[in-house]
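Asker: Pasting model.cif here (mmCIF, C-alpha atoms):
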```cif
data_structure
loop_
_atom_site.label_atom_id
_atom_site.label_comp_id
_atom_site.auth_asym_id
_atom_site.auth_seq_id
_atom_site.Cartn_x
_atom_site.Cartn_y
_atom_site.Cartn_z
CA MET A 29 34.49 -6.01 -25.51
CA ASP A 30 37.72 -3.98 -25.59
CA PHE A 31 36.61 -2.21 -22.42
CA VAL A 32 36.00 -5.52 -20.64
CA LEU A 33 39.35 -6.96 -21.71
CA THR A 34 41.15 -3.81 -20.60
CA VAL A 35 39.49 -3.84 -17.19
CA LEU A 36 40.21 -7.56 -16.74
CA SER A 37 43.88 -7.15 -17.64
CA TYR A 38 44.33 -4.63 -14.81
CA THR A 39 41.95 -6.06 -12.24
CA TRP A 40 42.02 -9.85 -12.42
CA LEU A 41 43.59 -10.18 -8.97
CA PRO A 42 41.25 -7.84 -7.03
CA LEU A 43 38.31 -9.26 -9.00
CA LEU A 44 39.29 -12.76 -7.94
CA ILE A 45 39.75 -11.74 -4.30
CA SER A 46 36.47 -9.79 -4.34
CA ALA A 47 34.52 -12.64 -5.91
CA VAL A 48 35.87 -15.32 -3.55
CA THR A 49 35.36 -13.16 -0.46
CA ALA A 50 31.86 -12.20 -1.55
CA TYR A 51 30.88 -15.79 -2.31
CA LEU A 52 32.04 -16.90 1.14
CA LEU A 53 30.12 -14.04 2.76
CA GLY A 54 27.09 -14.79 0.62
CA SER A 55 27.18 -18.39 1.80
CA LEU A 56 26.28 -17.13 5.27
CA ASP A 57 22.57 -17.73 4.76
CA PHE A 58 20.99 -15.87 7.65
CA ALA A 59 17.59 -17.54 7.30
CA ILE A 60 19.29 -20.81 8.15
CA ILE A 61 21.68 -19.34 10.74
CA VAL A 62 19.05 -17.32 12.61
CA THR A 63 16.40 -20.03 12.76
CA LYS A 64 18.88 -22.69 13.84
CA ALA A 65 20.25 -20.37 16.54
CA PHE A 66 16.84 -19.44 17.98
CA THR A 67 14.64 -22.46 17.22
CA HIS A 68 17.12 -25.28 16.50
CA GLU A 69 15.17 -25.95 13.29
CA ASP A 70 16.21 -25.86 9.64
CA ILE A 71 14.04 -23.30 7.87
CA ARG A 72 14.39 -25.37 4.69
CA GLU A 73 12.21 -28.00 6.38
CA LYS A 74 9.50 -25.50 7.26
CA GLY A 75 6.80 -23.73 5.26
CA SER A 76 7.76 -23.21 1.63
CA GLY A 77 11.18 -24.76 2.20
CA ASN A 78 12.93 -21.60 1.02
CA ALA A 79 15.84 -20.25 3.05
CA GLY A 80 14.66 -16.65 2.93
CA ALA A 81 13.12 -13.92 5.05
CA THR A 82 9.55 -14.45 3.79
CA ASN A 83 9.54 -18.08 4.88
CA VAL A 84 11.09 -17.09 8.21
CA LEU A 85 8.33 -14.51 8.66
CA ARG A 86 5.59 -17.04 7.97
CA SER A 87 7.20 -19.79 10.06
CA HIS A 88 8.76 -17.90 12.99
CA GLY A 89 7.49 -14.32 13.06
CA LYS A 90 8.65 -10.75 12.55
CA LYS A 91 11.68 -10.62 14.85
CA LEU A 92 13.55 -13.50 13.27
CA ALA A 93 12.52 -12.30 9.80
CA ALA A 94 13.94 -8.86 10.58
CA LEU A 95 17.26 -10.37 11.72
CA THR A 96 17.35 -12.49 8.58
CA SER A 97 16.66 -9.49 6.35
CA LEU A 98 19.34 -7.41 8.03
CA GLY A 99 21.91 -10.17 7.58
CA ASP A 100 21.07 -10.95 3.96
CA VAL A 101 21.14 -7.29 2.93
CA GLY A 102 24.18 -6.54 5.06
CA LYS A 103 26.41 -9.27 3.66
CA ALA A 104 25.95 -7.92 0.12
CA VAL A 105 26.64 -4.37 1.29
CA VAL A 106 29.83 -5.51 3.01
CA SER A 107 30.91 -7.57 -0.02
CA ALA A 108 30.49 -4.66 -2.44
CA LEU A 109 32.15 -2.15 -0.10
CA LEU A 110 35.13 -4.44 0.50
CA ALA A 111 35.68 -4.76 -3.24
CA GLN A 112 35.36 -1.05 -3.96
CA PHE A 113 37.22 0.40 -1.00
CA VAL A 114 39.59 -2.33 0.20
CA TRP A 115 40.60 -4.97 -2.35
CA PHE A 116 40.81 -2.72 -5.42
CA PRO A 117 42.73 0.09 -3.64
CA LEU A 118 45.14 -2.45 -2.09
CA CYS A 119 45.87 -3.77 -5.59
CA GLY A 120 46.50 -0.28 -6.92
CA VAL A 121 43.37 0.02 -9.07
CA ALA A 122 41.08 2.05 -6.82
CA HIS A 123 39.69 3.93 -9.84
CA LEU A 124 38.13 0.67 -11.06
CA GLY A 125 36.74 -0.37 -7.69
CA TYR A 126 33.19 0.58 -8.65
CA TYR A 127 33.13 -2.20 -11.23
CA GLY A 128 34.48 -4.59 -8.64
CA ALA A 129 31.50 -3.81 -6.42
CA PHE A 130 29.18 -5.21 -9.09
CA VAL A 131 31.20 -8.40 -9.42
CA ALA A 132 31.36 -8.84 -5.66
CA GLY A 133 27.63 -8.24 -5.36
CA ALA A 134 26.92 -10.86 -8.00
CA ALA A 135 29.23 -13.38 -6.29
CA CYS A 136 27.47 -12.71 -2.98
CA VAL A 137 24.09 -13.39 -4.59
CA ILE A 138 25.40 -16.69 -5.99
CA GLY A 139 26.75 -17.59 -2.54
CA HIS A 140 23.34 -16.87 -1.02
CA MET A 141 21.59 -19.09 -3.54
CA TYR A 142 24.19 -21.87 -3.43
CA PRO A 143 25.85 -21.58 0.00
CA LEU A 144 29.06 -23.50 0.52
CA TYR A 145 28.30 -24.07 4.21
CA PHE A 146 24.77 -25.43 3.78
CA GLY A 147 24.93 -28.04 1.04
CA PHE A 148 24.45 -25.46 -1.73
CA ARG A 149 20.75 -25.12 -0.78
CA GLY A 150 20.07 -21.46 -0.16
CA GLY A 151 17.52 -18.75 -0.77
CA LYS A 152 16.25 -16.79 -3.75
CA GLY A 153 18.57 -13.81 -3.38
CA VAL A 154 16.11 -10.90 -3.44
CA LEU A 155 17.42 -9.16 -0.32
CA THR A 156 21.01 -9.84 -1.32
CA VAL A 157 20.39 -8.19 -4.71
CA LEU A 158 18.95 -5.23 -2.81
CA GLY A 159 22.08 -4.98 -0.66
CA MET A 160 24.28 -4.94 -3.75
CA MET A 161 22.16 -2.24 -5.39
CA LEU A 162 22.24 -0.06 -2.28
CA VAL A 163 26.01 0.21 -2.76
CA VAL A 164 26.31 0.50 -6.54
CA ASP A 165 23.34 2.84 -7.09
CA TRP A 166 21.13 3.59 -4.11
CA PRO A 167 18.49 5.60 -6.07
CA THR A 168 17.86 2.54 -8.23
CA ALA A 169 17.61 0.41 -5.08
CA LEU A 170 14.99 2.78 -3.67
CA ILE A 171 13.01 2.65 -6.91
CA GLY A 172 13.04 -1.13 -6.72
CA LEU A 173 11.89 -1.01 -3.11
CA GLY A 174 9.08 1.36 -4.06
CA VAL A 175 7.86 -0.93 -6.84
CA PHE A 176 8.07 -3.90 -4.47
CA ALA A 177 6.00 -2.12 -1.81
CA ILE A 178 3.31 -1.00 -4.27
CA VAL A 179 2.97 -4.40 -5.94
CA VAL A 180 2.82 -6.28 -2.62
CA LEU A 181 0.29 -3.79 -1.25
CA LEU A 182 -1.97 -4.28 -4.27
CA SER A 183 -1.47 -8.00 -4.94
CA LYS A 184 -0.55 -9.33 -1.48
CA MET A 185 2.08 -11.47 -3.24
CA VAL A 186 5.69 -11.08 -2.12
CA SER A 187 6.93 -13.14 -5.05
CA LEU A 188 5.23 -10.90 -7.64
CA GLY A 189 6.59 -7.82 -5.88
CA SER A 190 10.09 -9.29 -5.93
CA ILE A 191 9.95 -10.14 -9.64
CA LEU A 192 8.56 -6.78 -10.75
CA ALA A 193 10.99 -4.94 -8.47
CA GLY A 194 13.80 -6.78 -10.26
CA VAL A 195 12.48 -5.64 -13.65
CA ALA A 196 12.34 -2.10 -12.28
CA LEU A 197 15.98 -2.32 -11.18
CA CYS A 198 17.11 -3.26 -14.67
CA LEU A 199 15.13 -0.48 -16.35
CA SER A 200 16.02 2.12 -13.73
CA ILE A 201 19.78 1.61 -13.77
CA PHE A 202 19.86 1.83 -17.58
CA ILE A 203 17.74 5.00 -17.67
CA ARG A 204 19.64 6.64 -14.83
CA PHE A 205 23.11 5.96 -16.21
CA LYS A 206 22.18 6.95 -19.75
CA TYR A 207 19.96 9.99 -19.17
CA VAL A 208 20.72 11.20 -15.63
CA VAL A 209 24.33 10.28 -14.81
CA HIS A 210 25.42 10.44 -18.49
CA GLU A 211 28.03 7.70 -18.22
CA SER A 212 29.98 6.22 -21.14
CA ALA A 213 28.38 3.59 -23.36
CA ALA A 214 30.76 0.95 -21.97
CA CYS A 215 29.83 1.78 -18.38
CA ILE A 216 26.11 1.76 -19.19
CA ALA A 217 26.44 -1.62 -20.87
CA PHE A 218 28.37 -3.06 -17.92
CA VAL A 219 26.08 -1.87 -15.12
CA THR A 220 22.96 -2.85 -17.06
CA ALA A 221 24.31 -6.30 -17.93
CA MET A 222 25.38 -6.99 -14.34
CA THR A 223 22.01 -5.88 -13.01
CA ILE A 224 20.19 -8.07 -15.52
CA PHE A 225 22.45 -10.96 -14.51
CA VAL A 226 21.71 -10.82 -10.77
CA VAL A 227 18.02 -10.09 -11.31
CA GLY A 228 17.87 -12.97 -13.79
CA LEU A 229 19.30 -15.32 -11.17
CA ALA A 230 16.67 -14.19 -8.65
CA VAL A 231 13.82 -14.52 -11.16
CA MET A 232 15.05 -18.00 -12.11
CA LYS A 233 14.78 -18.97 -8.44
CA HIS A 234 11.13 -17.83 -8.56
CA SER A 235 10.16 -20.22 -11.39
CA ALA A 236 7.76 -22.19 -9.18
CA ASN A 237 6.22 -18.95 -7.93
CA ILE A 238 5.74 -17.72 -11.49
CA LYS A 239 3.84 -20.91 -12.37
CA ARG A 240 1.59 -20.45 -9.33
CA ILE A 241 1.01 -16.78 -10.16
CA LEU A 242 -0.07 -17.71 -13.68
CA ASN A 243 -2.30 -20.48 -12.30
CA GLY A 244 -3.81 -18.19 -9.67
CA THR A 245 -2.61 -20.36 -6.81
CA GLU A 246 0.26 -18.30 -5.43
CA ASN A 247 0.17 -17.74 -1.67
CA LYS A 248 -0.76 -14.26 -0.51
CA ILE A 249 0.04 -12.32 2.65
CA GLY A 250 -2.38 -13.29 5.37
CA GLN A 251 -3.32 -16.51 3.61
CA LYS A 252 -2.31 -19.81 5.18
CA LYS A 253 -0.07 -21.91 2.97
CA SER A 254 -2.05 -24.67 1.33
#
```
Let me see whether you can do it: turn the structure in this file into structure tokens.
Answerer:
Amino acid sequence: MDFVLTVLSYTWLPLLISAVTAYLLGSLDFAIIVTKAFTHEDIREKGSGNAGATNVLRSHGKKLAALTSLGDVGKAVVSALLAQFVWFPLCGVAHLGYYGAFVAGAACVIGHMYPLYFGFRGGKGVLTVLGMMLVVDWPTALIGLGVFAIVVLLSKMVSLGSILAGVALCLSIFIRFKYVVHESAACIAFVTAMTIFVVGLAVMKHSANIKRILNGTENKIGQKKS
């Protein structure tokens, strides 16, 4: 707690700037933007109703899904990088910019889920979490991607892959920072808590998917949506 209070006392201004900027960037939901630009449709009225790359893939194909994925990952990358290398240095606390990247990433995820520009109806945040993790700890991001790929390959369920990849992110960042990077206890607690927070948000958005997985009715790749 002392660590958190100390960091906040020095960084409240860049944290505020980072969070606001990241939320506004996160509100650029590329599933909605891309599909409206190319098809003049609202992706939230198609398929599963989710404003995310998987629904774009099922409803409009690989090209638009790829553009959506690039945008949703990219906005989190930009948000975290701006915090770490622009806002914190400009405010004279560059040495604490790494922590700002986590806060910016989390704000971007919230913006994606509850976008200001689209009636606060956004996506589930999986790709945006990935973008954040690519900046703050890319080995952990790759581990999460690996788990996602294996689970989807075996189960054919994107939702299950996303959920288990999130669990892997939480475990991986704790193990890496404690046993590989050998960071301080305060740093380990912060990065683990922030990762759990953003993953928790994404898992919460998958509540309906979790019910269908448990009931054996979740949609699989290659299966038409019932």
Asker: Please produce, as a Markdown table, a per-residue contact table for stretch 65-130 of chain A versus stretch 149-164 of chain A (criterion: any atom at most 12 Å away, all atoms listed in the file considered), showing the nearest atom pair and its distance in Å to one decimal, sorted by chain then residue number.
Answerer:
```
| residue | atom | partner | partner_atom | distance |
| --- | --- | --- | --- | --- |
| A:Asp70 | CA | A:Arg149 | CA | 11.4 |
| A:Ile71 | CA | A:Gly150 | CA | 10.2 |
| A:Arg72 | CA | A:Arg149 | CA | 8.4 |
| A:Glu73 | CA | A:Arg149 | CA | 11.5 |
| A:Ser76 | CA | A:Gly151 | CA | 11.0 |
| A:Gly77 | CA | A:Gly151 | CA | 9.2 |
| A:Asn78 | CA | A:Gly151 | CA | 5.7 |
| A:Ala79 | CA | A:Gly151 | CA | 4.4 |
| A:Gly80 | CA | A:Gly151 | CA | 5.1 |
| A:Ala81 | CA | A:Leu155 | CA | 8.4 |
| A:Thr82 | CA | A:Gly151 | CA | 10.1 |
| A:Asn83 | CA | A:Gly151 | CA | 9.8 |
| A:Val84 | CA | A:Gly151 | CA | 11.2 |
| A:Ala93 | CA | A:Leu155 | CA | 11.7 |
| A:Ala94 | CA | A:Leu155 | CA | 11.4 |
| A:Thr96 | CA | A:Leu155 | CA | 9.5 |
| A:Ser97 | CA | A:Leu155 | CA | 6.7 |
| A:Leu98 | CA | A:Leu155 | CA | 8.7 |
| A:Gly99 | CA | A:Thr156 | CA | 9.0 |
| A:Asp100 | CA | A:Thr156 | CA | 5.4 |
| A:Val101 | CA | A:Gly159 | CA | 4.4 |
| A:Gly102 | CA | A:Gly159 | CA | 6.3 |
| A:Lys103 | CA | A:Thr156 | CA | 7.4 |
| A:Ala104 | CA | A:Gly159 | CA | 4.9 |
| A:Val105 | CA | A:Gly159 | CA | 5.0 |
| A:Val106 | CA | A:Gly159 | CA | 8.6 |
| A:Ser107 | CA | A:Met160 | CA | 8.0 |
| A:Ala108 | CA | A:Met160 | CA | 6.4 |
| A:Leu109 | CA | A:Val163 | CA | 7.1 |
| A:Leu110 | CA | A:Val163 | CA | 10.7 |
| A:Ala111 | CA | A:Val163 | CA | 10.9 |
| A:Gln112 | CA | A:Val163 | CA | 9.5 |
| A:Phe113 | CA | A:Val163 | CA | 11.3 |
| A:Gly125 | CA | A:Val164 | CA | 10.5 |
| A:Tyr126 | CA | A:Val164 | CA | 7.2 |
| A:Tyr127 | CA | A:Val164 | CA | 8.7 |
| A:Gly128 | CA | A:Val164 | CA | 9.9 |
| A:Ala129 | CA | A:Val164 | CA | 6.7 |
| A:Phe130 | CA | A:Val164 | CA | 6.9 |
```
Asker: Could you turn the residues from that selection into a file that holds C-alpha atoms, as a PDB file, in the frame of the given file?
Answerer:
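And here's again.pdb as it stands now:
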```
ATOM      1  CA  ASP A  70      16.210 -25.860   9.640  1.00  0.00           C
ATOM      2  CA  ILE A  71      14.040 -23.300   7.870  1.00  0.00           C
ATOM      3  CA  ARG A  72      14.390 -25.370   4.690  1.00  0.00           C
ATOM      4  CA  GLU A  73      12.210 -28.000   6.380  1.00  0.00           C
ATOM      5  CA  SER A  76       7.760 -23.210   1.630  1.00  0.00           C
ATOM      6  CA  GLY A  77      11.180 -24.760   2.200  1.00  0.00           C
ATOM      7  CA  ASN A  78      12.930 -21.600   1.020  1.00  0.00           C
ATOM      8  CA  ALA A  79      15.840 -20.250   3.050  1.00  0.00           C
ATOM      9  CA  GLY A  80      14.660 -16.650   2.930  1.00  0.00           C
ATOM     10  CA  ALA A  81      13.120 -13.920   5.050  1.00  0.00           C
ATOM     11  CA  THR A  82       9.550 -14.450   3.790  1.00  0.00           C
ATOM     12  CA  ASN A  83       9.540 -18.080   4.880  1.00  0.00           C
ATOM     13  CA  VAL A  84      11.090 -17.090   8.210  1.00  0.00           C
ATOM     14  CA  ALA A  93      12.520 -12.300   9.800  1.00  0.00           C
ATOM     15  CA  ALA A  94      13.940  -8.860  10.580  1.00  0.00           C
ATOM     16  CA  THR A  96      17.350 -12.490   8.580  1.00  0.00           C
ATOM     17  CA  SER A  97      16.660  -9.490   6.350  1.00  0.00           C
ATOM     18  CA  LEU A  98      19.340  -7.410   8.030  1.00  0.00           C
ATOM     19  CA  GLY A  99      21.910 -10.170   7.580  1.00  0.00           C
ATOM     20  CA  ASP A 100      21.070 -10.950   3.960  1.00  0.00           C
ATOM     21  CA  VAL A 101      21.140  -7.290   2.930  1.00  0.00           C
ATOM     22  CA  GLY A 102      24.180  -6.540   5.060  1.00  0.00           C
ATOM     23  CA  LYS A 103      26.410  -9.270   3.660  1.00  0.00           C
ATOM     24  CA  ALA A 104      25.950  -7.920   0.120  1.00  0.00           C
ATOM     25  CA  VAL A 105      26.640  -4.370   1.290  1.00  0.00           C
ATOM     26  CA  VAL A 106      29.830  -5.510   3.010  1.00  0.00           C
ATOM     27  CA  SER A 107      30.910  -7.570  -0.020  1.00  0.00           C
ATOM     28  CA  ALA A 108      30.490  -4.660  -2.440  1.00  0.00           C
ATOM     29  CA  LEU A 109      32.150  -2.150  -0.100  1.00  0.00           C
ATOM     30  CA  LEU A 110      35.130  -4.440   0.500  1.00  0.00           C
ATOM     31  CA  ALA A 111      35.680  -4.760  -3.240  1.00  0.00           C
ATOM     32  CA  GLN A 112      35.360  -1.050  -3.960  1.00  0.00           C
ATOM     33  CA  PHE A 113      37.220   0.400  -1.000  1.00  0.00           C
ATOM     34  CA  GLY A 125      36.740  -0.370  -7.690  1.00  0.00           C
ATOM     35  CA  TYR A 126      33.190   0.580  -8.650  1.00  0.00           C
ATOM     36  CA  TYR A 127      33.130  -2.200 -11.230  1.00  0.00           C
ATOM     37  CA  GLY A 128      34.480  -4.590  -8.640  1.00  0.00           C
ATOM     38  CA  ALA A 129      31.500  -3.810  -6.420  1.00  0.00           C
ATOM     39  CA  PHE A 130      29.180  -5.210  -9.090  1.00  0.00           C
TER      40      PHE A 130
END
```
Asker: Measuring between all atoms listed in the file, which one of A:His234, A:Gly89, A:Lys206, A:Val195 shows the shortest distance to A:Val62?
Answerer: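 Checking each of A:His234, A:Gly89, A:Lys206, A:Val195 against A:Val62, counting all atoms listed in the file, the winner is A:Gly89.
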Asker: Do a neighbour search on A:Glu246 at 9 Å with only C-alpha atoms, toss out local chain neighbours closer than 3 positions, and write the hits as a list in words.
Answerer: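 Final neighbour list, sorted by chain and number: Met185, Ser187, Asn237, Ile238, Lys239, Arg240, Ile241, Leu242 and Asn243 of chain A.
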Asker: Report, in Å with one decimal, the straight-line distance from atom CA of A:Leu95 to atom CA of A:Ile191.
Answerer: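 The value is 22.6 Å.
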Asker: Could you state the separation of atom CA of A:Val137 and atom CA of A:Val175 in Å, given to one decimal place?
Answerer: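 About the pair atom CA of A:Val137 and atom CA of A:Val175: they are 20.6 Å apart.
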Asker: Run the PyMOL selection byres ((chain A and resi 224) around 10) against the file shown and list the residues it catches, as JSON, numbers by chain.
Answerer: {"A": [194, 195, 197, 198, 199, 201, 218, 219, 220, 221, 222, 223, 225, 226, 227, 228, 229, 230]}
Asker: What does the distance from atom CA of A:Ala132 to atom CA of A:Leu52 come to in Å, to one decimal?
Answerer: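 It comes out at 10.6 Å.
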Asker: Ranking A:Ala65, A:Ala59, A:Leu53, A:Ala122 by minimum distance to A:Thr39 and counting all atoms listed in the file, which one comes first?
Answerer: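 Under the stated criterion, the closest residue is A:Ala122.
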Asker: Starting from the displayed file, determine the output of the PyMOL selection byres ((chain A and resi 40) around 12) and express the residue list as a VMD selection string.
Answerer: chain A and resid 32 to 39 41 to 47 115 to 116 119 to 121 124 to 125 127 to 128 131
Asker: Can I get stretch 188-217 of chain A with N, CA and C atoms filled in, as a PDB file, keeping the file's coordinate frame?
Answerer:
```
ATOM      1  N   LEU A 188       5.500 -11.792  -6.510  1.00  0.00           N
ATOM      2  CA  LEU A 188       5.230 -10.900  -7.640  1.00  0.00           C
ATOM      3  C   LEU A 188       5.916  -9.558  -7.423  1.00  0.00           C
ATOM      4  N   GLY A 189       5.883  -9.069  -6.186  1.00  0.00           N
ATOM      5  CA  GLY A 189       6.590  -7.820  -5.880  1.00  0.00           C
ATOM      6  C   GLY A 189       8.075  -7.936  -6.118  1.00  0.00           C
ATOM      7  N   SER A 190       8.652  -9.072  -5.747  1.00  0.00           N
ATOM      8  CA  SER A 190      10.090  -9.290  -5.930  1.00  0.00           C
ATOM      9  C   SER A 190      10.463  -9.323  -7.413  1.00  0.00           C
ATOM     10  N   ILE A 191       9.668 -10.017  -8.207  1.00  0.00           N
ATOM     11  CA  ILE A 191       9.950 -10.140  -9.640  1.00  0.00           C
ATOM     12  C   ILE A 191       9.842  -8.803 -10.341  1.00  0.00           C
ATOM     13  N   LEU A 192       8.753  -8.067 -10.088  1.00  0.00           N
ATOM     14  CA  LEU A 192       8.560  -6.780 -10.750  1.00  0.00           C
ATOM     15  C   LEU A 192       9.556  -5.728 -10.246  1.00  0.00           C
ATOM     16  N   ALA A 193       9.951  -5.835  -8.988  1.00  0.00           N
ATOM     17  CA  ALA A 193      10.990  -4.940  -8.470  1.00  0.00           C
ATOM     18  C   ALA A 193      12.302  -5.192  -9.200  1.00  0.00           C
ATOM     19  N   GLY A 194      12.604  -6.458  -9.501  1.00  0.00           N
ATOM     20  CA  GLY A 194      13.800  -6.780 -10.260  1.00  0.00           C
ATOM     21  C   GLY A 194      13.778  -6.184 -11.651  1.00  0.00           C
ATOM     22  N   VAL A 195      12.632  -6.264 -12.320  1.00  0.00           N
ATOM     23  CA  VAL A 195      12.480  -5.640 -13.650  1.00  0.00           C
ATOM     24  C   VAL A 195      12.714  -4.133 -13.540  1.00  0.00           C
ATOM     25  N   ALA A 196      12.175  -3.544 -12.481  1.00  0.00           N
ATOM     26  CA  ALA A 196      12.340  -2.100 -12.280  1.00  0.00           C
ATOM     27  C   ALA A 196      13.801  -1.729 -12.067  1.00  0.00           C
ATOM     28  N   LEU A 197      14.555  -2.582 -11.376  1.00  0.00           N
ATOM     29  CA  LEU A 197      15.980  -2.320 -11.180  1.00  0.00           C
ATOM     30  C   LEU A 197      16.717  -2.260 -12.505  1.00  0.00           C
ATOM     31  N   CYS A 198      16.428  -3.209 -13.367  1.00  0.00           N
ATOM     32  CA  CYS A 198      17.110  -3.260 -14.670  1.00  0.00           C
ATOM     33  C   CYS A 198      16.798  -2.029 -15.510  1.00  0.00           C
ATOM     34  N   LEU A 199      15.531  -1.651 -15.564  1.00  0.00           N
ATOM     35  CA  LEU A 199      15.130  -0.480 -16.350  1.00  0.00           C
ATOM     36  C   LEU A 199      15.683   0.802 -15.738  1.00  0.00           C
ATOM     37  N   SER A 200      15.614   0.893 -14.419  1.00  0.00           N
ATOM     38  CA  SER A 200      16.020   2.120 -13.730  1.00  0.00           C
ATOM     39  C   SER A 200      17.512   2.392 -13.887  1.00  0.00           C
ATOM     40  N   ILE A 201      18.342   1.359 -13.718  1.00  0.00           N
ATOM     41  CA  ILE A 201      19.780   1.610 -13.770  1.00  0.00           C
ATOM     42  C   ILE A 201      20.206   2.014 -15.190  1.00  0.00           C
ATOM     43  N   PHE A 202      19.564   1.429 -16.209  1.00  0.00           N
ATOM     44  CA  PHE A 202      19.860   1.830 -17.580  1.00  0.00           C
ATOM     45  C   PHE A 202      19.464   3.274 -17.829  1.00  0.00           C
ATOM     46  N   ILE A 203      18.241   3.636 -17.438  1.00  0.00           N
ATOM     47  CA  ILE A 203      17.740   5.000 -17.670  1.00  0.00           C
ATOM     48  C   ILE A 203      18.563   6.021 -16.900  1.00  0.00           C
ATOM     49  N   ARG A 204      18.879   5.692 -15.646  1.00  0.00           N
ATOM     50  CA  ARG A 204      19.640   6.640 -14.830  1.00  0.00           C
ATOM     51  C   ARG A 204      21.039   6.885 -15.391  1.00  0.00           C
ATOM     52  N   PHE A 205      21.730   5.812 -15.748  1.00  0.00           N
ATOM     53  CA  PHE A 205      23.110   5.960 -16.210  1.00  0.00           C
ATOM     54  C   PHE A 205      23.188   6.581 -17.603  1.00  0.00           C
ATOM     55  N   LYS A 206      22.161   6.388 -18.395  1.00  0.00           N
ATOM     56  CA  LYS A 206      22.180   6.950 -19.750  1.00  0.00           C
ATOM     57  C   LYS A 206      21.685   8.400 -19.775  1.00  0.00           C
ATOM     58  N   TYR A 207      20.598   8.683 -19.033  1.00  0.00           N
ATOM     59  CA  TYR A 207      19.960   9.990 -19.170  1.00  0.00           C
ATOM     60  C   TYR A 207      20.128  10.921 -17.971  1.00  0.00           C
ATOM     61  N   VAL A 208      20.550  10.368 -16.835  1.00  0.00           N
ATOM     62  CA  VAL A 208      20.720  11.200 -15.630  1.00  0.00           C
ATOM     63  C   VAL A 208      22.197  11.361 -15.294  1.00  0.00           C
ATOM     64  N   VAL A 209      22.900  10.249 -15.163  1.00  0.00           N
ATOM     65  CA  VAL A 209      24.330  10.280 -14.810  1.00  0.00           C
ATOM     66  C   VAL A 209      25.192  10.572 -16.032  1.00  0.00           C
ATOM     67  N   HIS A 210      24.705  10.213 -17.217  1.00  0.00           N
ATOM     68  CA  HIS A 210      25.420  10.440 -18.490  1.00  0.00           C
ATOM     69  C   HIS A 210      26.793   9.760 -18.503  1.00  0.00           C
ATOM     70  N   GLU A 211      26.787   8.465 -18.198  1.00  0.00           N
ATOM     71  CA  GLU A 211      28.030   7.700 -18.220  1.00  0.00           C
ATOM     72  C   GLU A 211      28.362   7.267 -19.653  1.00  0.00           C
ATOM     73  N   SER A 212      29.549   6.703 -19.823  1.00  0.00           N
ATOM     74  CA  SER A 212      29.980   6.220 -21.140  1.00  0.00           C
ATOM     75  C   SER A 212      29.141   5.014 -21.546  1.00  0.00           C
ATOM     76  N   ALA A 213      29.140   4.728 -22.848  1.00  0.00           N
ATOM     77  CA  ALA A 213      28.380   3.590 -23.360  1.00  0.00           C
ATOM     78  C   ALA A 213      28.874   2.284 -22.743  1.00  0.00           C
ATOM     79  N   ALA A 214      30.192   2.169 -22.552  1.00  0.00           N
ATOM     80  CA  ALA A 214      30.760   0.950 -21.970  1.00  0.00           C
ATOM     81  C   ALA A 214      30.289   0.762 -20.540  1.00  0.00           C
ATOM     82  N   CYS A 215      30.277   1.850 -19.768  1.00  0.00           N
ATOM     83  CA  CYS A 215      29.830   1.780 -18.380  1.00  0.00           C
ATOM     84  C   CYS A 215      28.345   1.418 -18.307  1.00  0.00           C
ATOM     85  N   ILE A 216      27.545   2.053 -19.162  1.00  0.00           N
ATOM     86  CA  ILE A 216      26.110   1.760 -19.190  1.00  0.00           C
ATOM     87  C   ILE A 216      25.872   0.291 -19.498  1.00  0.00           C
ATOM     88  N   ALA A 217      26.598  -0.215 -20.494  1.00  0.00           N
ATOM     89  CA  ALA A 217      26.440  -1.620 -20.870  1.00  0.00           C
ATOM     90  C   ALA A 217      26.823  -2.545 -19.720  1.00  0.00           C
TER      91      ALA A 217
END
```
